[in-house]
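S.K.: Hey, dropping entry19.csv in here, CSV, C-alpha atoms:
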chain,number,residue,atom,x,y,z
A,179,MET,CA,-3.1,-17.3,-15.0
A,180,SER,CA,-2.1,-15.4,-11.9
A,181,GLU,CA,-0.6,-11.9,-12.1
A,182,THR,CA,2.8,-11.3,-10.6
A,183,TYR,CA,3.7,-8.0,-9.0
A,184,ASP,CA,6.2,-6.6,-6.5
A,185,TYR,CA,3.8,-4.4,-4.6
A,186,LEU,CA,0.1,-4.0,-4.2
A,187,PHE,CA,-1.4,-0.6,-3.4
A,188,LYS,CA,-5.1,0.0,-2.5
A,189,PHE,CA,-6.5,3.3,-3.6
A,190,LEU,CA,-9.8,4.9,-3.1
A,191,VAL,CA,-11.7,7.3,-5.4
A,192,ILE,CA,-13.8,9.5,-3.1
A,193,GLY,CA,-16.0,12.6,-3.4
A,194,SER,CA,-19.6,13.7,-3.9
A,195,ALA,CA,-22.0,12.1,-6.4
A,196,GLY,CA,-21.7,13.3,-10.0
A,197,THR,CA,-18.1,14.5,-9.8
A,198,GLY,CA,-16.8,12.0,-12.4
A,199,LYS,CA,-15.1,9.4,-10.1
A,200,SER,CA,-16.2,6.4,-12.2
A,201,CYS,CA,-15.1,8.1,-15.4
A,202,ILE,CA,-11.7,8.7,-13.9
A,203,LEU,CA,-11.4,5.0,-13.0
A,204,HIS,CA,-12.7,3.9,-16.4
A,205,GLN,CA,-10.2,6.2,-18.2
A,206,PHE,CA,-7.3,4.9,-16.2
A,207,ILE,CA,-8.2,1.2,-16.5
A,208,GLU,CA,-9.6,1.1,-20.0
A,209,ASN,CA,-7.8,4.1,-21.5
A,210,LYS,CA,-11.1,5.2,-22.9
A,211,PHE,CA,-13.4,8.1,-22.2
A,212,LYS,CA,-16.8,7.1,-20.8
A,213,SER,CA,-19.4,9.5,-22.1
A,214,ASP,CA,-22.5,7.9,-20.5
A,215,SER,CA,-22.2,7.1,-16.8
A,216,SER,CA,-24.8,6.5,-14.1
A,217,HIS,CA,-24.4,7.0,-10.4
A,218,THR,CA,-22.3,4.2,-8.7
A,219,ILE,CA,-24.3,2.0,-6.4
A,220,GLY,CA,-22.0,1.0,-3.5
A,221,VAL,CA,-18.5,0.6,-5.0
A,222,GLU,CA,-16.9,-0.3,-8.3
A,223,PHE,CA,-13.5,-1.9,-8.6
A,224,GLY,CA,-10.7,-1.9,-11.0
A,225,SER,CA,-7.1,-3.0,-11.0
A,226,LYS,CA,-4.1,-2.3,-13.2
A,227,ILE,CA,-0.4,-3.2,-13.0
A,228,VAL,CA,2.0,-0.4,-13.7
A,229,ASN,CA,5.8,-0.2,-13.8
A,230,VAL,CA,7.3,2.2,-11.2
A,231,ALA,CA,11.1,2.6,-11.1
A,232,GLY,CA,11.5,-0.9,-12.5
A,233,LYS,CA,9.1,-2.5,-10.0
A,234,SER,CA,5.7,-4.0,-10.9
A,235,VAL,CA,2.9,-2.4,-8.9
A,236,LYS,CA,-0.6,-3.6,-8.8
A,237,LEU,CA,-3.1,-0.8,-8.1
A,238,GLN,CA,-6.4,-1.9,-6.7
A,239,ILE,CA,-8.8,1.1,-7.1
A,240,TRP,CA,-12.1,1.3,-5.3
A,241,ASP,CA,-14.5,3.8,-6.7
A,242,THR,CA,-17.0,4.6,-3.9
A,243,ALA,CA,-20.5,5.9,-4.4
A,244,GLY,CA,-20.8,9.6,-3.6
A,245,GLN,CA,-24.5,9.6,-2.6
A,246,GLU,CA,-25.1,10.0,1.1
A,247,ARG,CA,-27.4,6.9,1.3
A,248,PHE,CA,-24.4,4.7,0.4
A,249,ARG,CA,-21.8,6.3,2.8
A,250,SER,CA,-22.2,3.7,5.5
A,251,VAL,CA,-21.5,0.9,3.0
A,252,THR,CA,-18.6,2.6,1.2
A,253,ARG,CA,-16.8,3.6,4.5
A,254,SER,CA,-16.0,-0.1,5.1
A,255,TYR,CA,-13.8,-0.1,2.0
A,256,TYR,CA,-11.5,2.6,3.4
A,257,ARG,CA,-9.5,0.2,5.6
A,258,GLY,CA,-6.0,-0.5,4.4
A,259,ALA,CA,-6.0,2.1,1.7
A,260,ALA,CA,-2.6,3.6,0.9
A,261,GLY,CA,-4.0,6.5,-1.0
A,262,ALA,CA,-7.1,8.3,-2.2
A,263,LEU,CA,-8.1,10.5,-5.1
A,264,LEU,CA,-10.3,13.2,-3.5
A,265,VAL,CA,-12.5,14.4,-6.4
A,266,PHE,CA,-14.6,17.5,-6.9
A,267,ASP,CA,-16.4,18.9,-9.9
A,268,ILE,CA,-15.0,22.3,-10.8
A,269,THR,CA,-18.5,23.3,-12.0
A,270,ASN,CA,-20.2,22.4,-8.8
A,271,ARG,CA,-19.5,24.5,-5.7
A,272,GLU,CA,-21.3,22.0,-3.4
A,273,SER,CA,-19.0,19.2,-4.3
A,274,PHE,CA,-16.0,21.4,-3.4
A,275,ASN,CA,-17.7,22.5,-0.1
A,276,ASN,CA,-18.0,18.8,0.8
A,277,LEU,CA,-14.3,18.0,0.5
A,278,ALA,CA,-13.5,18.5,4.2
A,279,GLU,CA,-16.0,15.8,5.2
A,280,TRP,CA,-14.5,13.3,2.6
A,281,LEU,CA,-11.0,14.1,3.7
A,282,GLN,CA,-11.9,13.6,7.4
A,283,ASP,CA,-13.5,10.2,6.5
A,284,ALA,CA,-10.3,9.1,4.7
A,285,ARG,CA,-8.0,10.1,7.5
A,286,MET,CA,-10.2,8.6,10.2
A,287,LEU,CA,-11.3,5.4,8.4
A,288,ALA,CA,-8.2,4.5,6.3
A,289,SER,CA,-5.2,6.1,8.1
A,290,PRO,CA,-4.1,9.4,9.3
A,291,ASP,CA,-1.1,9.0,7.1
A,292,ILE,CA,-3.1,8.2,3.9
A,293,ILE,CA,-1.7,9.9,0.8
A,294,ILE,CA,-4.4,12.0,-0.8
A,295,LEU,CA,-4.5,13.8,-4.2
A,296,LEU,CA,-7.0,16.5,-4.8
A,297,ILE,CA,-8.6,16.3,-8.3
A,298,GLY,CA,-10.6,19.1,-9.8
A,299,ASN,CA,-12.6,17.2,-12.5
A,300,LYS,CA,-14.5,18.3,-15.6
A,301,LYS,CA,-11.9,20.8,-16.9
A,302,ASP,CA,-13.6,20.5,-20.3
A,303,LEU,CA,-16.5,22.5,-18.8
A,304,GLU,CA,-14.3,25.6,-18.0
A,305,ALA,CA,-17.0,28.0,-19.1
A,306,GLU,CA,-19.2,26.7,-16.3
A,307,ARG,CA,-16.5,26.8,-13.6
A,308,GLU,CA,-17.6,27.6,-10.1
A,309,VAL,CA,-14.4,26.7,-8.2
A,310,THR,CA,-11.2,28.5,-9.2
A,311,PHE,CA,-7.8,26.9,-9.3
A,312,LEU,CA,-6.7,29.3,-6.6
A,313,GLN,CA,-9.5,28.1,-4.3
A,314,ALA,CA,-8.7,24.5,-4.8
A,315,SER,CA,-5.0,25.2,-4.3
A,316,GLN,CA,-5.7,27.0,-1.1
A,317,PHE,CA,-7.8,24.0,0.2
A,318,ALA,CA,-4.9,21.7,-0.6
A,319,GLN,CA,-2.4,23.9,1.1
A,320,GLU,CA,-4.5,24.3,4.2
A,321,ASN,CA,-5.2,20.5,4.5
A,322,ARG,CA,-1.8,19.1,3.7
A,323,GLU,CA,0.2,17.3,6.3
A,324,LEU,CA,3.9,17.4,5.7
A,325,ASP,CA,6.3,15.9,8.1
A,326,PRO,CA,9.9,15.4,6.9
A,327,ASP,CA,10.8,13.5,10.1
A,328,ARG,CA,8.2,10.8,9.5
A,329,ILE,CA,9.8,7.8,7.8
A,330,GLY,CA,8.3,7.1,4.4
A,331,SER,CA,6.7,10.5,4.1
A,332,GLY,CA,8.4,11.1,0.8
A,333,ILE,CA,9.7,14.5,2.1
A,334,GLN,CA,13.3,15.3,2.9
A,335,TYR,CA,15.1,18.3,4.3
A,336,GLY,CA,17.0,20.4,1.7
A,337,ASP,CA,19.9,21.1,4.0
A,338,SER,CA,21.0,20.2,7.5
A,339,ALA,CA,20.3,23.7,8.9
A,340,SER,CA,16.5,23.2,8.3
A,341,ARG,CA,16.6,19.9,10.2
A,342,ARG,CA,18.5,21.5,13.1
A,343,LEU,CA,16.0,24.4,13.2
A,344,ARG,CA,13.1,22.0,13.3
A,345,GLN,CA,14.7,19.9,16.1
A,346,ASP,CA,15.5,23.0,18.2
A,347,ARG,CA,11.9,24.3,17.9
A,348,SER,CA,10.4,20.9,18.8
A,349,ARG,CA,12.6,20.8,22.0
A,350,ARG,CA,11.3,24.2,23.1
A,351,HIS,CA,7.7,23.9,21.9
A,352,PRO,CA,6.8,20.2,21.4
A,353,GLU,CA,3.1,20.9,21.1
A,354,CYS,CA,3.7,22.9,18.0
A,355,PHE,CA,4.4,19.8,15.9
A,356,CYS,CA,1.3,17.7,16.5
A,357,HIS,CA,-0.6,16.1,13.7
A,358,MET,CA,-4.3,16.3,12.9
Would it be possible to restate this file's structure as structure tokens?
M.R.:
Amino acid sequence: MSETYDYLFKFLVIGSAGTGKSCILHQFIENKFKSDSSHTIGVEFGSKIVNVAGKSVKLQIWDTAGQERFRSVTRSYYRGAAGALLVFDITNRESFNNLAEWLQDARMLASPDIIILLIGNKKDLEAEREVTFLQASQFAQENRELDPDRIGSGIQYGDSASRRLRQDRSRRHPECFCHM
């Protein structure tokens, strides 16, 4: 029996090895905690249909291997992704330090406009935390790309004065509003 849905979204789960990407996928798809998990070889896949604002949305979720030796294989799965979960382990500073490289891959290989959510995983290990919430928040702030003028960005101006100010600035200094 074929599934029916209104929309299909392709999502990636990306980040360094051992950050818990497969456990996040398993929890979302199966609604169960996965206590024993080995490193992903290549990619794992899961899908689920969810209801969003009265519409049926099928989420295709591609869990990519975080080990460097699989990066060339997993990069081919980035094409056509609408969004990505960028995962780091809050108890592992190195996984946090590698985020910029994963983010660059997603923007370059999937789309510069890909929607990315930063996930600090393993909150249950708070006593072993190496990355603070403030540090993660700062990374997210520094790497976000907000453009209220881009159709479909999900961002709108709060008032017409803000839009006029932005338009006036862009006429005087168009290079100030370029995107990464």
S.K.: Here is a test: counting all atoms listed in the file, which residue of A:Phe223, A:Phe211, A:Leu237, A:Leu264 is nearest to Val191 of chain A?
M.R.: A:Leu264
S.K.: Out of A:Gly232, A:Arg257, A:Arg271, A:Asn299, which residue has the shortest atom-to-atom distance to Ser200 of chain A when counting all atoms listed in the file?
M.R.: A:Asn299
S.K.: Considering all atoms listed in the file, can you say which of A:Ala314, A:Leu277, A:Ile297, A:Ala288 comes closest to Ser194 of chain A?
M.R.: A:Leu277
S.K.: Atom CA of Lys300 of chain A and atom CA of Tyr256 of chain A are how many Å apart?
M.R.: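 Rounded to one decimal, the two atoms are 24.8 Å apart.
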S.K.: What's the separation between atom CA of Glu208 of chain A and atom CA of Phe274 of chain A, in Å to one decimal place?
M.R.: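 Atom CA of Phe274 of chain A lies at a distance of 27.0 Å from atom CA of Glu208 of chain A.
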S.K.: Atom CA of Asp267 of chain A to atom CA of Gly298 of chain A: how many Å, to one decimal?
M.R.: 5.8 Å
S.K.: Which residues, written as a ChimeraX atom specification, have at least one atom at most 9 Å from Tyr255 of chain A, with only C-alpha atoms counted and residues fewer than 5 positions away on the same chain left out?
M.R.: /A:190,221,240,242,287-288
S.K.: What would the list of residues within 7 Å of (-11.7, -1.3, -6.8) (file frame) look like as a PyMOL selection string, if only C-alpha atoms are what count?
M.R.: chain A and resi 222-225+238-241
S.K.: Print the selection's residues with C-alpha atoms to a file, as a short mmCIF file (atom, residue, chain, number, x, y, z; two decimals), in the frame of the given file.
M.R.:
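Contents of result-v7.cif, as written:
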data_model
loop_
_atom_site.label_atom_id
_atom_site.label_comp_id
_atom_site.auth_asym_id
_atom_site.auth_seq_id
_atom_site.Cartn_x
_atom_site.Cartn_y
_atom_site.Cartn_z
CA GLU A 222 -16.90 -0.30 -8.30
CA PHE A 223 -13.50 -1.90 -8.60
CA GLY A 224 -10.70 -1.90 -11.00
CA SER A 225 -7.10 -3.00 -11.00
CA GLN A 238 -6.40 -1.90 -6.70
CA ILE A 239 -8.80 1.10 -7.10
CA TRP A 240 -12.10 1.30 -5.30
CA ASP A 241 -14.50 3.80 -6.70
#
S.K.: Nearest to Ala259 of chain A: which of A:Lys199, A:Lys301, A:Lys226, A:Arg285 is it, counting all atoms listed in the file?
M.R.: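 Among the listed residues, the smallest separation from Ala259 of chain A belongs to A:Arg285.
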